[in-house]
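So this one's start31.pdb, PDB, C-alpha atoms, pLDDT in the B column:
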```pdb
ATOM      1  CA  MET S  10       0.000   0.000   0.000  1.00 47.00           C
ATOM      2  CA  ALA S  11       1.377   3.382  -1.023  1.00 52.00           C
ATOM      3  CA  ALA S  12       2.404   5.683   1.792  1.00 52.00           C
ATOM      4  CA  ARG S  13       0.461   8.904   2.262  1.00 50.00           C
ATOM      5  CA  PRO S  14       2.152  12.176   1.307  1.00 50.00           C
ATOM      6  CA  PRO S  15       3.920  13.894   4.236  1.00 46.00           C
ATOM      7  CA  PHE S  16       1.455  16.790   4.399  1.00 43.00           C
ATOM      8  CA  GLN S  17      -1.494  14.384   4.860  1.00 45.00           C
ATOM      9  CA  ARG S  18       0.252  12.538   7.692  1.00 44.00           C
ATOM     10  CA  PHE S  19       1.002  15.874   9.352  1.00 43.00           C
ATOM     11  CA  LYS S  20      -2.629  16.936   8.961  1.00 46.00           C
ATOM     12  CA  SER S  21      -4.028  13.921  10.839  1.00 50.00           C
ATOM     13  CA  VAL S  22      -1.417  14.132  13.614  1.00 48.00           C
ATOM     14  CA  PHE S  23      -2.107  17.849  14.008  1.00 50.00           C
ATOM     15  CA  SER S  24      -5.855  17.162  14.323  1.00 56.00           C
ATOM     16  CA  MET S  25      -5.334  14.615  17.108  1.00 57.00           C
ATOM     17  CA  ALA S  26      -2.906  16.862  18.993  1.00 57.00           C
ATOM     18  CA  ARG S  27      -5.191  19.883  18.726  1.00 58.00           C
ATOM     19  CA  ALA S  28      -8.225  17.943  19.980  1.00 55.00           C
ATOM     20  CA  THR S  29      -6.262  16.494  22.906  1.00 58.00           C
ATOM     21  CA  VAL S  30      -4.974  19.915  24.002  1.00 52.00           C
ATOM     22  CA  MET S  31      -8.415  21.529  23.750  1.00 54.00           C
ATOM     23  CA  CYS S  32      -9.963  18.672  25.704  1.00 54.00           C
ATOM     24  CA  LYS S  33      -7.450  19.159  28.529  1.00 50.00           C
ATOM     25  CA  LEU S  34      -7.919  22.932  28.548  1.00 49.00           C
ATOM     26  CA  SER S  35     -11.695  22.596  28.738  1.00 49.00           C
ATOM     27  CA  GLY S  36     -11.430  20.162  31.648  1.00 51.00           C
ATOM     28  CA  ALA S  37     -13.408  17.486  29.810  1.00 48.00           C
ATOM     29  CA  ARG S  38     -12.917  13.878  30.816  1.00 48.00           C
ATOM     30  CA  CYS S  39     -13.896  12.027  27.695  1.00 49.00           C
ATOM     31  CA  THR S  40     -12.506  10.119  24.759  1.00 47.00           C
ATOM     32  CA  MET S  41     -11.535  11.843  21.517  1.00 45.00           C
ATOM     33  CA  ARG S  42     -14.305   9.982  19.730  1.00 46.00           C
ATOM     34  CA  GLN S  43     -16.841  11.736  21.959  1.00 47.00           C
ATOM     35  CA  LEU S  44     -15.448  15.258  21.570  1.00 47.00           C
ATOM     36  CA  PRO S  45     -17.765  17.800  19.892  1.00 48.00           C
ATOM     37  CA  LYS S  46     -17.249  18.171  16.131  1.00 46.00           C
ATOM     38  CA  SER S  47     -16.591  21.903  16.556  1.00 46.00           C
ATOM     39  CA  ILE S  48     -13.192  21.033  18.052  1.00 43.00           C
ATOM     40  CA  TRP S  49     -12.041  19.263  14.907  1.00 43.00           C
ATOM     41  CA  PRO S  50     -10.452  21.401  12.137  1.00 43.00           C
ATOM     42  CA  SER S  51     -12.148  21.590   8.761  1.00 43.00           C
ATOM     43  CA  PRO S  52      -9.811  19.099   6.931  1.00 43.00           C
ATOM     44  CA  SER S  53     -10.954  16.331   9.342  1.00 40.00           C
ATOM     45  CA  PRO S  54     -14.755  16.530   9.845  1.00 40.00           C
ATOM     46  CA  GLN S  55     -14.788  13.194  11.713  1.00 40.00           C
ATOM     47  CA  PRO S  56     -12.572  12.081  14.624  1.00 41.00           C
ATOM     48  CA  PRO S  57      -9.812   9.576  13.780  1.00 39.00           C
ATOM     49  CA  SER S  58     -10.590   5.885  14.143  1.00 37.00           C
ATOM     50  CA  ALA S  59      -8.109   5.444  16.999  1.00 38.00           C
ATOM     51  CA  VAL S  60      -9.559   6.415  20.374  1.00 39.00           C
ATOM     52  CA  CYS S  61      -7.305   8.524  22.586  1.00 40.00           C
ATOM     53  CA  GLN S  62      -8.290   8.269  26.236  1.00 40.00           C
ATOM     54  CA  VAL S  63      -7.447  11.551  27.928  1.00 39.00           C
ATOM     55  CA  TRP S  64      -5.989  11.005  31.425  1.00 37.00           C
ATOM     56  CA  GLY S  65      -7.394   7.447  31.416  1.00 41.00           C
ATOM     57  CA  MET S  66     -10.690   8.701  32.868  1.00 40.00           C
ATOM     58  CA  PRO S  67     -14.124   7.274  31.980  1.00 42.00           C
ATOM     59  CA  ALA S  68     -16.315   9.157  29.519  1.00 41.00           C
ATOM     60  CA  ARG S  69     -18.409  10.927  32.138  1.00 43.00           C
ATOM     61  CA  PRO S  70     -18.451  14.649  32.859  1.00 41.00           C
ATOM     62  CA  SER S  71     -16.583  15.736  35.951  1.00 39.00           C
ATOM     63  CA  ARG S  72     -19.774  17.200  37.456  1.00 41.00           C
ATOM     64  CA  PHE S  73     -21.099  13.620  37.836  1.00 44.00           C
ATOM     65  CA  PHE S  74     -18.477  12.811  40.468  1.00 52.00           C
ATOM     66  CA  GLY S  75     -19.088  16.120  42.250  1.00 62.00           C
ATOM     67  CA  ALA S  76     -22.841  15.511  42.417  1.00 69.00           C
ATOM     68  CA  LYS S  77     -22.349  12.011  43.826  1.00 77.00           C
ATOM     69  CA  ARG S  78     -19.969  13.278  46.518  1.00 79.00           C
ATOM     70  CA  GLU S  79     -22.393  16.073  47.397  1.00 84.00           C
ATOM     71  CA  ASN S  80     -25.266  13.583  47.787  1.00 84.00           C
ATOM     72  CA  LEU S  81     -23.148  11.330  50.007  1.00 84.00           C
ATOM     73  CA  ASP S  82     -22.220  14.304  52.196  1.00 83.00           C
ATOM     74  CA  LYS S  83     -25.915  15.142  52.572  1.00 86.00           C
ATOM     75  CA  VAL S  84     -26.648  11.563  53.661  1.00 88.00           C
ATOM     76  CA  ARG S  85     -23.854  11.718  56.222  1.00 85.00           C
ATOM     77  CA  GLU S  86     -25.208  14.992  57.656  1.00 86.00           C
ATOM     78  CA  TRP S  87     -28.751  13.569  57.748  1.00 89.00           C
ATOM     79  CA  ALA S  88     -27.847  10.291  59.463  1.00 87.00           C
ATOM     80  CA  SER S  89     -28.046  10.167  63.238  1.00 89.00           C
ATOM     81  CA  GLU S  90     -26.004   7.898  65.483  1.00 88.00           C
ATOM     82  CA  LYS S  91     -29.047   5.657  65.808  1.00 91.00           C
ATOM     83  CA  ASP S  92     -29.262   5.258  62.016  1.00 91.00           C
ATOM     84  CA  LEU S  93     -25.545   4.453  61.767  1.00 91.00           C
ATOM     85  CA  GLU S  94     -25.713   1.894  64.552  1.00 91.00           C
ATOM     86  CA  GLU S  95     -28.786   0.273  62.979  1.00 92.00           C
ATOM     87  CA  ALA S  96     -26.984   0.011  59.615  1.00 92.00           C
ATOM     88  CA  ARG S  97     -23.839  -1.478  61.218  1.00 91.00           C
ATOM     89  CA  LEU S  98     -25.828  -4.123  63.091  1.00 93.00           C
ATOM     90  CA  TRP S  99     -27.976  -5.011  60.061  1.00 94.00           C
ATOM     91  CA  SER S 100     -24.997  -5.203  57.696  1.00 91.00           C
ATOM     92  CA  SER S 101     -23.072  -7.529  60.009  1.00 91.00           C
ATOM     93  CA  LYS S 102     -25.899 -10.077  59.779  1.00 92.00           C
ATOM     94  CA  PHE S 103     -26.788  -9.537  56.107  1.00 93.00           C
ATOM     95  CA  GLU S 104     -25.582 -12.557  54.089  1.00 93.00           C
ATOM     96  CA  PRO S 105     -26.296 -13.523  50.442  1.00 92.00           C
ATOM     97  CA  GLU S 106     -28.923 -16.049  51.569  1.00 92.00           C
ATOM     98  CA  ASN S 107     -30.740 -13.247  53.436  1.00 93.00           C
ATOM     99  CA  LEU S 108     -31.494 -11.358  50.219  1.00 94.00           C
ATOM    100  CA  PRO S 109     -35.341 -11.215  49.926  1.00 94.00           C
ATOM    101  CA  ILE S 110     -35.693 -12.641  46.412  1.00 93.00           C
ATOM    102  CA  ASP S 111     -39.475 -12.984  46.843  1.00 94.00           C
ATOM    103  CA  ARG S 112     -39.746  -9.151  46.975  1.00 94.00           C
ATOM    104  CA  MET S 113     -37.964  -8.763  43.613  1.00 95.00           C
ATOM    105  CA  LYS S 114     -39.258  -9.123  40.054  1.00 95.00           C
ATOM    106  CA  ALA S 115     -37.126 -11.051  37.556  1.00 95.00           C
ATOM    107  CA  SER S 116     -37.548 -10.984  33.775  1.00 93.00           C
ATOM    108  CA  PHE S 117     -35.592 -12.196  30.762  1.00 92.00           C
ATOM    109  CA  VAL S 118     -34.940 -10.605  27.366  1.00 89.00           C
ATOM    110  CA  ARG S 119     -32.701 -11.240  24.373  1.00 85.00           C
ATOM    111  CA  SER S 120     -29.009 -10.923  25.182  1.00 80.00           C
ATOM    112  CA  SER S 121     -26.163  -9.385  23.229  1.00 78.00           C
ATOM    113  CA  GLY S 122     -23.518 -11.028  25.394  1.00 66.00           C
ATOM    114  CA  ALA S 123     -21.922 -14.458  25.514  1.00 65.00           C
ATOM    115  CA  GLY S 124     -23.642 -17.451  23.941  1.00 62.00           C
ATOM    116  CA  GLY S 125     -23.062 -17.439  20.190  1.00 65.00           C
ATOM    117  CA  GLN S 126     -26.194 -18.471  18.252  1.00 68.00           C
ATOM    118  CA  ASN S 127     -27.805 -19.391  21.549  1.00 67.00           C
ATOM    119  CA  VAL S 128     -28.590 -15.713  22.230  1.00 63.00           C
ATOM    120  CA  ASN S 129     -30.648 -15.515  19.026  1.00 66.00           C
ATOM    121  CA  LYS S 130     -33.000 -18.272  20.177  1.00 74.00           C
ATOM    122  CA  LEU S 131     -33.396 -17.788  23.929  1.00 79.00           C
ATOM    123  CA  ASN S 132     -33.968 -14.872  26.302  1.00 85.00           C
ATOM    124  CA  THR S 133     -30.841 -15.253  28.411  1.00 87.00           C
ATOM    125  CA  LYS S 134     -30.341 -11.676  29.638  1.00 90.00           C
ATOM    126  CA  ALA S 135     -31.688 -11.335  33.180  1.00 93.00           C
ATOM    127  CA  GLU S 136     -33.210  -8.188  34.683  1.00 95.00           C
ATOM    128  CA  VAL S 137     -34.119  -7.822  38.353  1.00 96.00           C
ATOM    129  CA  ARG S 138     -36.142  -4.987  39.851  1.00 96.00           C
ATOM    130  CA  PHE S 139     -37.371  -4.066  43.310  1.00 95.00           C
ATOM    131  CA  SER S 140     -39.233  -1.083  44.692  1.00 94.00           C
ATOM    132  CA  MET S 141     -37.227   1.340  46.807  1.00 94.00           C
ATOM    133  CA  SER S 142     -40.341   2.215  48.809  1.00 92.00           C
ATOM    134  CA  ASP S 143     -40.898  -1.475  49.606  1.00 93.00           C
ATOM    135  CA  ALA S 144     -37.207  -1.816  50.559  1.00 93.00           C
ATOM    136  CA  ARG S 145     -37.936   0.163  53.736  1.00 92.00           C
ATOM    137  CA  ASN S 146     -39.512  -3.020  55.116  1.00 93.00           C
ATOM    138  CA  TRP S 147     -36.256  -5.005  54.989  1.00 93.00           C
ATOM    139  CA  MET S 148     -33.431  -2.461  54.709  1.00 94.00           C
ATOM    140  CA  PRO S 149     -32.218   0.311  57.074  1.00 94.00           C
ATOM    141  CA  ARG S 150     -32.983   3.915  56.164  1.00 93.00           C
ATOM    142  CA  TYR S 151     -29.288   4.798  56.016  1.00 94.00           C
ATOM    143  CA  THR S 152     -28.602   2.043  53.460  1.00 94.00           C
ATOM    144  CA  ILE S 153     -31.528   3.163  51.288  1.00 94.00           C
ATOM    145  CA  LYS S 154     -30.329   6.767  51.303  1.00 94.00           C
ATOM    146  CA  ARG S 155     -26.818   5.656  50.350  1.00 93.00           C
ATOM    147  CA  ILE S 156     -28.114   3.509  47.469  1.00 94.00           C
ATOM    148  CA  GLU S 157     -30.111   6.474  46.174  1.00 92.00           C
ATOM    149  CA  ALA S 158     -26.915   8.577  46.260  1.00 91.00           C
ATOM    150  CA  LEU S 159     -24.510   5.975  44.879  1.00 91.00           C
ATOM    151  CA  GLU S 160     -26.740   4.271  42.297  1.00 92.00           C
ATOM    152  CA  ALA S 161     -29.108   7.061  41.226  1.00 90.00           C
ATOM    153  CA  SER S 162     -28.744   6.051  37.562  1.00 90.00           C
ATOM    154  CA  ARG S 163     -30.205   2.590  38.313  1.00 93.00           C
ATOM    155  CA  ILE S 164     -33.439   3.963  39.810  1.00 93.00           C
ATOM    156  CA  ASN S 165     -36.212   4.730  37.295  1.00 92.00           C
ATOM    157  CA  LYS S 166     -39.059   7.239  37.507  1.00 91.00           C
ATOM    158  CA  LYS S 167     -41.313   4.655  39.173  1.00 92.00           C
ATOM    159  CA  GLY S 168     -38.875   4.382  42.068  1.00 93.00           C
ATOM    160  CA  GLU S 169     -37.671   0.913  41.067  1.00 95.00           C
ATOM    161  CA  PHE S 170     -34.066  -0.195  41.375  1.00 96.00           C
ATOM    162  CA  ALA S 171     -33.162  -2.166  38.238  1.00 95.00           C
ATOM    163  CA  ILE S 172     -30.074  -4.187  37.376  1.00 95.00           C
ATOM    164  CA  SER S 173     -29.269  -6.595  34.553  1.00 94.00           C
ATOM    165  CA  SER S 174     -26.692  -9.198  33.579  1.00 93.00           C
ATOM    166  CA  GLN S 175     -25.786 -10.895  30.296  1.00 90.00           C
ATOM    167  CA  ARG S 176     -22.337 -12.250  31.129  1.00 89.00           C
ATOM    168  CA  HIS S 177     -23.282 -15.921  30.958  1.00 89.00           C
ATOM    169  CA  ARG S 178     -25.000 -18.285  28.514  1.00 85.00           C
ATOM    170  CA  THR S 179     -27.914 -19.358  30.697  1.00 88.00           C
ATOM    171  CA  GLN S 180     -30.791 -17.604  32.436  1.00 90.00           C
ATOM    172  CA  GLU S 181     -29.982 -19.120  35.813  1.00 93.00           C
ATOM    173  CA  GLN S 182     -26.367 -17.937  35.789  1.00 93.00           C
ATOM    174  CA  ASN S 183     -27.332 -14.400  34.746  1.00 93.00           C
ATOM    175  CA  LEU S 184     -30.093 -14.290  37.351  1.00 95.00           C
ATOM    176  CA  ASN S 185     -27.672 -15.351  40.095  1.00 95.00           C
ATOM    177  CA  ASP S 186     -25.222 -12.726  38.832  1.00 95.00           C
ATOM    178  CA  CYS S 187     -27.935 -10.050  39.225  1.00 96.00           C
ATOM    179  CA  TYR S 188     -28.607 -11.137  42.797  1.00 96.00           C
ATOM    180  CA  LYS S 189     -24.868 -11.068  43.543  1.00 95.00           C
ATOM    181  CA  LYS S 190     -24.594  -7.538  42.131  1.00 95.00           C
ATOM    182  CA  ILE S 191     -27.517  -6.368  44.270  1.00 96.00           C
ATOM    183  CA  TRP S 192     -25.995  -7.917  47.387  1.00 95.00           C
ATOM    184  CA  ASP S 193     -22.624  -6.256  46.686  1.00 95.00           C
ATOM    185  CA  ILE S 194     -24.293  -2.858  46.150  1.00 95.00           C
ATOM    186  CA  ILE S 195     -26.271  -3.172  49.388  1.00 95.00           C
ATOM    187  CA  LYS S 196     -23.175  -4.163  51.374  1.00 93.00           C
ATOM    188  CA  GLU S 197     -21.233  -1.232  49.911  1.00 91.00           C
ATOM    189  CA  ALA S 198     -24.076   1.168  50.711  1.00 92.00           C
ATOM    190  CA  SER S 199     -24.258  -0.129  54.306  1.00 91.00           C
ATOM    191  CA  LYS S 200     -20.720   1.001  55.115  1.00 89.00           C
ATOM    192  CA  THR S 201     -20.646   3.607  57.857  1.00 87.00           C
ATOM    193  CA  PRO S 202     -17.917   6.127  58.696  1.00 82.00           C
ATOM    194  CA  THR S 203     -15.701   4.912  61.514  1.00 73.00           C
ATOM    195  CA  ASP S 204     -14.320   7.160  64.225  1.00 57.00           C
ATOM    196  CA  SER S 205     -10.525   7.440  64.163  1.00 59.00           C
ATOM    197  CA  SER S 206      -8.597   6.289  67.223  1.00 68.00           C
ATOM    198  CA  GLU S 207      -6.194   8.585  69.051  1.00 76.00           C
ATOM    199  CA  GLU S 208      -3.205   6.816  67.453  1.00 80.00           C
ATOM    200  CA  GLN S 209      -4.622   7.306  63.962  1.00 79.00           C
ATOM    201  CA  LYS S 210      -5.322  10.975  64.641  1.00 79.00           C
ATOM    202  CA  LEU S 211      -1.758  11.483  65.913  1.00 86.00           C
ATOM    203  CA  ARG S 212      -0.306   9.653  62.893  1.00 87.00           C
ATOM    204  CA  ILE S 213      -2.344  11.798  60.483  1.00 86.00           C
ATOM    205  CA  LYS S 214      -1.246  14.947  62.303  1.00 88.00           C
ATOM    206  CA  ASN S 215       2.437  13.935  62.040  1.00 91.00           C
ATOM    207  CA  LEU S 216       2.087  13.143  58.333  1.00 91.00           C
ATOM    208  CA  GLN S 217       0.463  16.522  57.710  1.00 91.00           C
ATOM    209  CA  ARG S 218       3.258  18.274  59.632  1.00 92.00           C
ATOM    210  CA  LYS S 219       5.973  16.444  57.650  1.00 92.00           C
ATOM    211  CA  ALA S 220       4.258  17.196  54.355  1.00 92.00           C
ATOM    212  CA  ASN S 221       4.042  20.872  55.273  1.00 93.00           C
ATOM    213  CA  GLU S 222       7.739  20.955  56.227  1.00 93.00           C
ATOM    214  CA  GLU S 223       8.701  19.348  52.899  1.00 94.00           C
ATOM    215  CA  ARG S 224       6.565  21.885  51.055  1.00 94.00           C
ATOM    216  CA  LEU S 225       8.251  24.791  52.825  1.00 94.00           C
ATOM    217  CA  LYS S 226      11.702  23.319  52.077  1.00 93.00           C
ATOM    218  CA  ARG S 227      10.895  23.042  48.376  1.00 94.00           C
ATOM    219  CA  LYS S 228       9.538  26.566  48.370  1.00 93.00           C
ATOM    220  CA  THR S 229      12.655  27.976  50.072  1.00 93.00           C
ATOM    221  CA  LYS S 230      14.969  26.079  47.725  1.00 92.00           C
ATOM    222  CA  HIS S 231      13.095  27.367  44.683  1.00 92.00           C
ATOM    223  CA  SER S 232      13.234  30.920  46.027  1.00 91.00           C
ATOM    224  CA  GLU S 233      17.007  30.687  46.571  1.00 91.00           C
ATOM    225  CA  LYS S 234      17.492  29.379  43.045  1.00 89.00           C
ATOM    226  CA  LYS S 235      15.529  32.311  41.584  1.00 89.00           C
ATOM    227  CA  THR S 236      17.515  34.788  43.703  1.00 88.00           C
ATOM    228  CA  LEU S 237      20.813  33.299  42.507  1.00 87.00           C
ATOM    229  CA  ARG S 238      19.731  33.597  38.878  1.00 85.00           C
ATOM    230  CA  ARG S 239      18.760  37.230  39.430  1.00 82.00           C
ATOM    231  CA  GLU S 240      22.148  38.018  40.976  1.00 80.00           C
ATOM    232  CA  ARG S 241      23.961  36.425  38.010  1.00 77.00           C
ATOM    233  CA  LYS S 242      21.911  38.499  35.564  1.00 71.00           C
ATOM    234  CA  ASP S 243      22.698  41.698  37.476  1.00 70.00           C
ATOM    235  CA  SER S 244      26.447  40.924  37.558  1.00 69.00           C
ATOM    236  CA  LYS S 245      26.526  40.288  33.798  1.00 62.00           C
ATOM    237  CA  PHE S 246      24.654  43.533  33.162  1.00 57.00           C
ATOM    238  CA  PHE S 247      27.199  45.630  35.086  1.00 54.00           C
ATOM    239  CA  LEU S 248      30.142  43.896  33.426  1.00 54.00           C
TER     240      LEU S 248
END
```

Could you render the structure as structure tokens?
Amino acid sequence: MAARPPFQRFKSVFSMARATVMCKLSGARCTMRQLPKSIWPSPSPQPPSAVCQVWGMPARPSRFFGAKRENLDKVREWASEKDLEEARLWSSKFEPENLPIDRMKASFVRSSGAGGQNVNKLNTKAEVRFSMSDARNWMPRYTIKRIEALEASRINKKGEFAISSQRHRTQEQNLNDCYKKIWDIIKEASKTPTDSSEEQKLRIKNLQRKANEERLKRKTKHSEKKTLRRERKDSKFFL
């Protein structure tokens, strides 16, 4: 295959470099394929086929992470010591066999995952739903609030928490995978903030003090280097 002329190779490389720089300057955390077309110069109306992941971050806007953290902070401020203690006690006894499967609705649809021709004949993708309002009967309030903050995208307008799986070839395996995912999410949401011991507080304080001392040393060293350069410039000027 004949090599492209040098100016064409330069044009494509320039387009990728320009899009990457503009993505960093705008603070976007997305792939080059998902950048707006206005960023691309006129010779290249479409992004290149190769995907350049900027900073290795997922293709979600940075405000998503800020909103999630804000919601978690609100839950922490809302929760009382009684709610935290109730969640700790309930979580310590909550095992996979304790998951109330009878309160959840399971359905199956066509899968696009593993299975070859099998997925064209059978509904192997599993979907499991349960009502968040009904979850108050078997889950602590603190855990429910945390799920609503952590997994807001999985809750629909009807107030149902929905999750799906199509990793396996059979309905039973995908259904069990859904239940495992739900259990993992509930256990993660049941985690409560722990109070630091006196030793941990002292260790953190010492680390902060050392980090501050190192920062001041670097700052002083940089200042001395700049002063030395200035003195050399002045001496050359007078010579």

Check: Hey, what comes out of the PyMOL selection byres ((chain S and resi 167-179) around 10) on this file? Could you write it as number ranges by chain?
Finding: S: 113-125, 127-128, 131-144, 156-157, 160-166, 180-188, 190-191

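Closest to Asp193 in chain S among S:Thr229, S:Asn146, S:Asn80, S:Ser100 is S:Ser100, based on only C-alpha atoms.
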
Counting only C-alpha atoms, which residues of range 169-227 of chain S sit at most 12 Å from some atom of range 84-95 of chain S, and what is each one's closest atom pair with its distance in Å to one decimal, listed by chain and rising residue number, as a Markdown table?
```
| residue | atom | partner | partner_atom | distance |
| --- | --- | --- | --- | --- |
| S:Ala198 | CA | S:Val84 | CA | 11.1 |
| S:Ser199 | CA | S:Leu93 | CA | 8.8 |
| S:Lys200 | CA | S:Leu93 | CA | 8.9 |
| S:Thr201 | CA | S:Leu93 | CA | 6.3 |
| S:Pro202 | CA | S:Leu93 | CA | 8.4 |
| S:Thr203 | CA | S:Leu93 | CA | 9.9 |
| S:Asp204 | CA | S:Glu90 | CA | 11.8 |
```

Could the centre and edge lengths of an axis-aligned box, enclosing all atoms of range 155-172 of chain S in the file with 3 Å extra on each side, be given in Å to one decimal as JSON?
```
{"center_x": -32.9, "center_y": 2.2, "center_z": 43.8, "size_x": 22.8, "size_y": 18.8, "size_z": 19.1}
```

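Separating CA of Glu208 in chain S from CA of Ala220 in chain S is a distance of 18.3 Å.
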
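Going from CA of Trp192 in chain S to CA of Pro105 in chain S covers 6.4 Å.
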
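For the atom pair formed by CA of Lys77 in chain S and CA of Ala96 in chain S, the distance is 20.4 Å, given to one decimal.
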